[in-house]
Every structure is written in structure tokens, then in C-alpha cells.
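Everything on this sheet refers to the single structure shown next.
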Amino acid sequence: EAGVVQSPRYKIIEKKQPVAFWCNPISGHNTLYWYLQNLGQGPELLIRYENEEAVDDSQLPKDRFSAERLKGVDSTLKIQPAELGDSAVYLCASSLGQATDTQYFGPGTRLTVL
Amino acid sequence: QQQVKQSPQSLIVQKGGISIINCAYENTAFDYFPWYQQFPGKGPALLIAIRPDVSEKKEGRFTISFNKSAKQFSLHIMDSQPGDSATYFCAAEGGSQGNLIFGKGTKLSVKP
């Protein structure tokens, strides 16, 4: 069974440029998460989707970050414009959808903002 | 406010030794405590998890010890191997948020 797929794996951009990350969750997983992982830190939740609905986006900086999960499958996370402090790994995870179901993480996208 | 505090930040253990990583939490509504293992360039992967109705859970060389009254839990890796070298994260979930809260991680190095 394929795991969570993320692309691109690496992205280098100039500050103030836009950037987008894509995630394809495990088939059948209704819940999708986007996390931010800074160097030497644990993942921090940005947004959680239940099917198409964003049920928790309280930690998403909405002035520059946006996300969508059309049709309740794939998801895209966008940053516009990117800032130097956005350099980090952006992780996508998915789970079946029940409370405390195992979250399966993708390999992440490492973003470097110059 | 950091809800899950993890220590130590880094740990070096000889092959065959016991690795111990500790975590403490504050929110008594937490009711699920997983440990994740992360290798460089990879996403975290669930290693083992426990609920507060038991004090210990063992899976192979990995054991979680849970102390509900102290609001602490720990991961013990018996007979540590070089292949165990990775970053380990404790986490907690439950209460009104229903989201995983991760500790800052422990980088484990097992020397041959």
C-alpha cells in the first residue's frame, strides 16, 4: 500500500515569492493534516481536514498561508508571499478519521527561503 | 505554553545498552500518548502508544512506562542497536483540541 505522497521534496525560493506544496493521502483516509516542523523541533499542526472541511485551522497564519482539499482527497498548502522565517519542513499526514487513529506521515517538503 | 516537555534533547548509548527518554505533560485531558520515530529525510512514524488506563506497554524491545499521577511517561529501548539511531518524539492527544501535541524530540545515537 502506498504511503502519503508529498511533492516537491525540496523547494528553494526567494523571499516574497509564492510557493505551493501538494499532498496525496493514503487511500481511504478521511482526515488530512498539515504540520510545520522547524529544525530540531517536533511537528506543529497547521490545519486539519475532515474530508473537505477544515475543522481546525486555528494555527494557520491566514495572512499568508492558505490550504484546500478539493473532493476530500488531495490537498495543497500555499504560502504567499514567503518570508525567511518560513524555511522549514512541511509535513502532511493522514488517518482514517477516528479519534486517536494512527497518523501516517509523508516524507515532507523542505522549504528554503532565501 | 509547552504542553509536552521532553528530555533529554540528545542521548548517546552504547550498542546493547538501554535508552530512556522522558516526557511530562500538563493537560489532564490528554488520553493518548504515542511515541514517533523519525529518520533523517523521512516523516515521523508511529513506534508505540499507550492510554492512561495501563501503566506499561511493551512491544519487542520498546516499552512505554506511564505514571498518571505524576503526568509523566517514558520510552525505554532495550538492547539498543545502531539502527535505532533516530529522533524520537513523544506526543499527547485528547481533550477539546483532539490534536497531537508533540514534544521537541530526542536525538538518539547508538554507538557500535
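Chains: A, B, ... in order of the C-alpha cells. Residues: from 1 per chain. Ligands: from 1, in order shown.
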(request) Apply DSSP to the backbone of this structure and, from chain B, keep only the residues in strand (DSSP E); write these as a PyMOL selection string. (result) chain B and resi 4-7+10-14+19-25+30-38+45-50+56-59+62-67+72-77+86-94+101-102+106-111
(request) Please return, as a ChimeraX atom specification, all residues of chain B lying within 10 Å of chain A when only C-alpha atoms are considered. (result) /B:9,31-34,36,38-46,49,87-94,97-107
(message) So that I can see what lies close to Ile20 in chain B, please list as a list of chain:residue names the residues with an atom at most 9 Å from it, counting only C-alpha atoms and leaving out residues fewer than 6 positions away in the same chain.
(response)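 Neighbouring residues, sequence-local ones excluded: B:Pro8, B:Leu11, B:Ser74, B:Leu75, B:His76, B:Ile77, B:Met78.
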(request) Can you pull out every residue within 7 Å of range 49-55 of chain A, counting only C-alpha atoms, but drop anything in the same chain fewer than 6 positions away, and send it as a ChimeraX atom specification? (result) /A:30-33,69-72
(message) One decimal, in Å: what's the spacing between CA of Pro82 in chain B and CA of Gln6 in chain A?
(response)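 Distance between the two atoms: 28.4 Å.
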(request) List the neighbours of Ile64 in chain B out to 9 Å using only C-alpha atoms; skip same-chain residues closer than 2 positions along the sequence, and give me the result as a ChimeraX atom specification. (result) /B:35,48-50,55-59,62,66,73-76
With all heavy atoms retained, export the selected residues as a tab-separated table (two decimals), in the first residue's frame.
```tsv
chain	number	residue	atom	x	y	z
B	35	TRP	N	4.49	7.47	20.78
B	35	TRP	CA	5.88	7.82	20.50
B	35	TRP	C	6.10	7.62	19.01
B	35	TRP	O	5.70	6.61	18.44
B	35	TRP	CB	6.84	6.92	21.28
B	35	TRP	CG	6.94	7.27	22.73
B	35	TRP	CD1	6.16	6.78	23.74
B	35	TRP	CD2	7.87	8.16	23.34
B	35	TRP	NE1	6.54	7.33	24.94
B	35	TRP	CE2	7.59	8.17	24.72
B	35	TRP	CE3	8.92	8.95	22.86
B	35	TRP	CZ2	8.32	8.94	25.62
B	35	TRP	CZ3	9.65	9.71	23.76
B	35	TRP	CH2	9.35	9.70	25.12
B	48	ILE	N	5.09	3.21	19.11
B	48	ILE	CA	4.31	2.55	20.15
B	48	ILE	C	3.46	3.61	20.83
B	48	ILE	O	3.82	4.78	20.85
B	48	ILE	CB	5.24	1.84	21.16
B	48	ILE	CG1	4.48	1.01	22.18
B	48	ILE	CG2	6.17	2.85	21.84
B	48	ILE	CD1	5.38	0.15	23.08
B	49	ALA	N	2.31	3.21	21.36
B	49	ALA	CA	1.42	4.17	22.01
B	49	ALA	C	0.76	3.54	23.23
B	49	ALA	O	0.66	2.31	23.32
B	49	ALA	CB	0.35	4.66	21.04
B	50	ILE	N	0.33	4.40	24.17
B	50	ILE	CA	-0.29	3.91	25.39
B	50	ILE	C	-1.46	4.80	25.77
B	50	ILE	O	-1.49	5.99	25.42
B	50	ILE	CB	0.75	3.85	26.54
B	50	ILE	CG1	0.24	2.98	27.70
B	50	ILE	CG2	1.10	5.25	27.03
B	50	ILE	CD1	1.33	2.68	28.73
B	55	SER	N	-0.27	1.02	32.98
B	55	SER	CA	0.96	1.68	33.44
B	55	SER	C	2.16	1.32	32.58
B	55	SER	O	3.20	1.97	32.68
B	55	SER	CB	1.23	1.31	34.89
B	55	SER	OG	1.41	-0.09	35.02
B	56	GLU	N	2.00	0.30	31.74
B	56	GLU	CA	3.15	-0.11	30.93
B	56	GLU	C	2.64	-0.84	29.69
B	56	GLU	O	1.65	-1.57	29.72
B	56	GLU	CB	4.06	-1.03	31.74
B	56	GLU	CG	5.33	-1.43	31.03
B	56	GLU	CD	6.27	-2.25	31.90
B	56	GLU	OE1	6.93	-1.66	32.77
B	56	GLU	OE2	6.32	-3.48	31.72
B	57	LYS	N	3.38	-0.62	28.59
B	57	LYS	CA	3.08	-1.35	27.36
B	57	LYS	C	4.40	-1.71	26.70
B	57	LYS	O	5.28	-0.86	26.58
B	57	LYS	CB	2.23	-0.51	26.41
B	57	LYS	CG	1.83	-1.25	25.14
B	57	LYS	CD	0.88	-0.44	24.30
B	57	LYS	CE	0.45	-1.20	23.06
B	57	LYS	NZ	-0.48	-0.40	22.23
B	58	LYS	N	4.50	-2.96	26.29
B	58	LYS	CA	5.76	-3.44	25.71
B	58	LYS	C	5.50	-4.01	24.33
B	58	LYS	O	4.57	-4.77	24.12
B	58	LYS	CB	6.38	-4.51	26.61
B	58	LYS	CG	7.71	-5.05	26.14
B	58	LYS	CD	8.28	-6.03	27.14
B	58	LYS	CE	9.64	-6.55	26.69
B	58	LYS	NZ	10.22	-7.51	27.68
B	59	GLU	N	6.36	-3.62	23.39
B	59	GLU	CA	6.33	-4.18	22.04
B	59	GLU	C	7.76	-4.44	21.62
B	59	GLU	O	8.50	-3.51	21.27
B	59	GLU	CB	5.63	-3.23	21.06
B	59	GLU	CG	4.14	-3.09	21.29
B	59	GLU	CD	3.43	-2.23	20.26
B	59	GLU	OE1	4.11	-1.72	19.34
B	59	GLU	OE2	2.21	-2.03	20.39
B	62	PHE	N	10.81	-2.24	22.76
B	62	PHE	CA	10.32	-0.92	23.12
B	62	PHE	C	9.24	-1.02	24.20
B	62	PHE	O	8.29	-1.80	24.07
B	62	PHE	CB	9.76	-0.20	21.89
B	62	PHE	CG	10.76	-0.02	20.79
B	62	PHE	CD1	10.89	-0.98	19.79
B	62	PHE	CD2	11.60	1.08	20.77
B	62	PHE	CE1	11.83	-0.83	18.78
B	62	PHE	CE2	12.54	1.23	19.76
B	62	PHE	CZ	12.66	0.28	18.77
B	66	PHE	N	4.10	4.51	32.08
B	66	PHE	CA	3.19	5.65	32.24
B	66	PHE	C	2.86	5.86	33.70
B	66	PHE	O	2.48	4.91	34.41
B	66	PHE	CB	1.91	5.40	31.42
B	66	PHE	CG	0.97	6.56	31.40
B	66	PHE	CD1	1.17	7.58	30.50
B	66	PHE	CD2	-0.10	6.64	32.28
B	66	PHE	CE1	0.31	8.67	30.46
B	66	PHE	CE2	-0.96	7.72	32.25
B	66	PHE	CZ	-0.75	8.75	31.34
B	73	PHE	N	5.52	10.10	31.26
B	73	PHE	CA	5.64	8.82	30.58
B	73	PHE	C	7.01	8.76	29.92
B	73	PHE	O	7.62	9.80	29.63
B	73	PHE	CB	4.51	8.58	29.57
B	73	PHE	CG	4.36	9.62	28.49
B	73	PHE	CD1	4.68	9.31	27.18
B	73	PHE	CD2	3.87	10.89	28.76
B	73	PHE	CE1	4.53	10.25	26.17
B	73	PHE	CE2	3.72	11.84	27.76
B	73	PHE	CZ	4.04	11.52	26.46
B	74	SER	N	7.50	7.55	29.75
B	74	SER	CA	8.85	7.39	29.23
B	74	SER	C	8.91	6.23	28.24
B	74	SER	O	8.10	5.31	28.28
B	74	SER	CB	9.84	7.17	30.37
B	74	SER	OG	9.49	6.01	31.10
B	75	LEU	N	9.90	6.33	27.37
B	75	LEU	CA	10.18	5.28	26.39
B	75	LEU	C	11.49	4.61	26.78
B	75	LEU	O	12.49	5.31	27.00
B	75	LEU	CB	10.28	5.87	24.98
B	75	LEU	CG	10.68	4.90	23.87
B	75	LEU	CD1	9.55	3.89	23.61
B	75	LEU	CD2	11.03	5.65	22.59
B	76	HIS	N	11.47	3.30	26.86
B	76	HIS	CA	12.67	2.53	27.13
B	76	HIS	C	12.97	1.66	25.90
B	76	HIS	O	12.08	0.93	25.44
B	76	HIS	CB	12.48	1.62	28.35
B	76	HIS	CG	12.26	2.37	29.63
B	76	HIS	ND1	13.04	2.19	30.75
B	76	HIS	CD2	11.36	3.32	29.97
B	76	HIS	CE1	12.61	2.98	31.72
B	76	HIS	NE2	11.59	3.67	31.27
```
(message) Need to verify the contact set: range 57-65 of chain A, 6 Å, only C-alpha atoms, exclusion of same-chain residues closer than 2 positions in sequence. Can you return it as a list in words?
(response) Leu46, Ile47, Lys78, Ile79 and Gln80 of chain A
The selected residues should be written to file as a JSON list (two decimals), in the first residue's frame (atoms: C-alpha atoms).
```json
[["chain", "number", "residue", "atom", "x", "y", "z"],
["A", 46, "LEU", "CA", -1.18, 23.96, 10.89],
["A", 47, "ILE", "CA", -4.53, 22.63, 9.71],
["A", 78, "LYS", "CA", 0.20, 27.59, -0.25],
["A", 79, "ILE", "CA", 2.34, 30.40, 1.11],
["A", 80, "GLN", "CA", 2.13, 33.83, -0.47]]
```
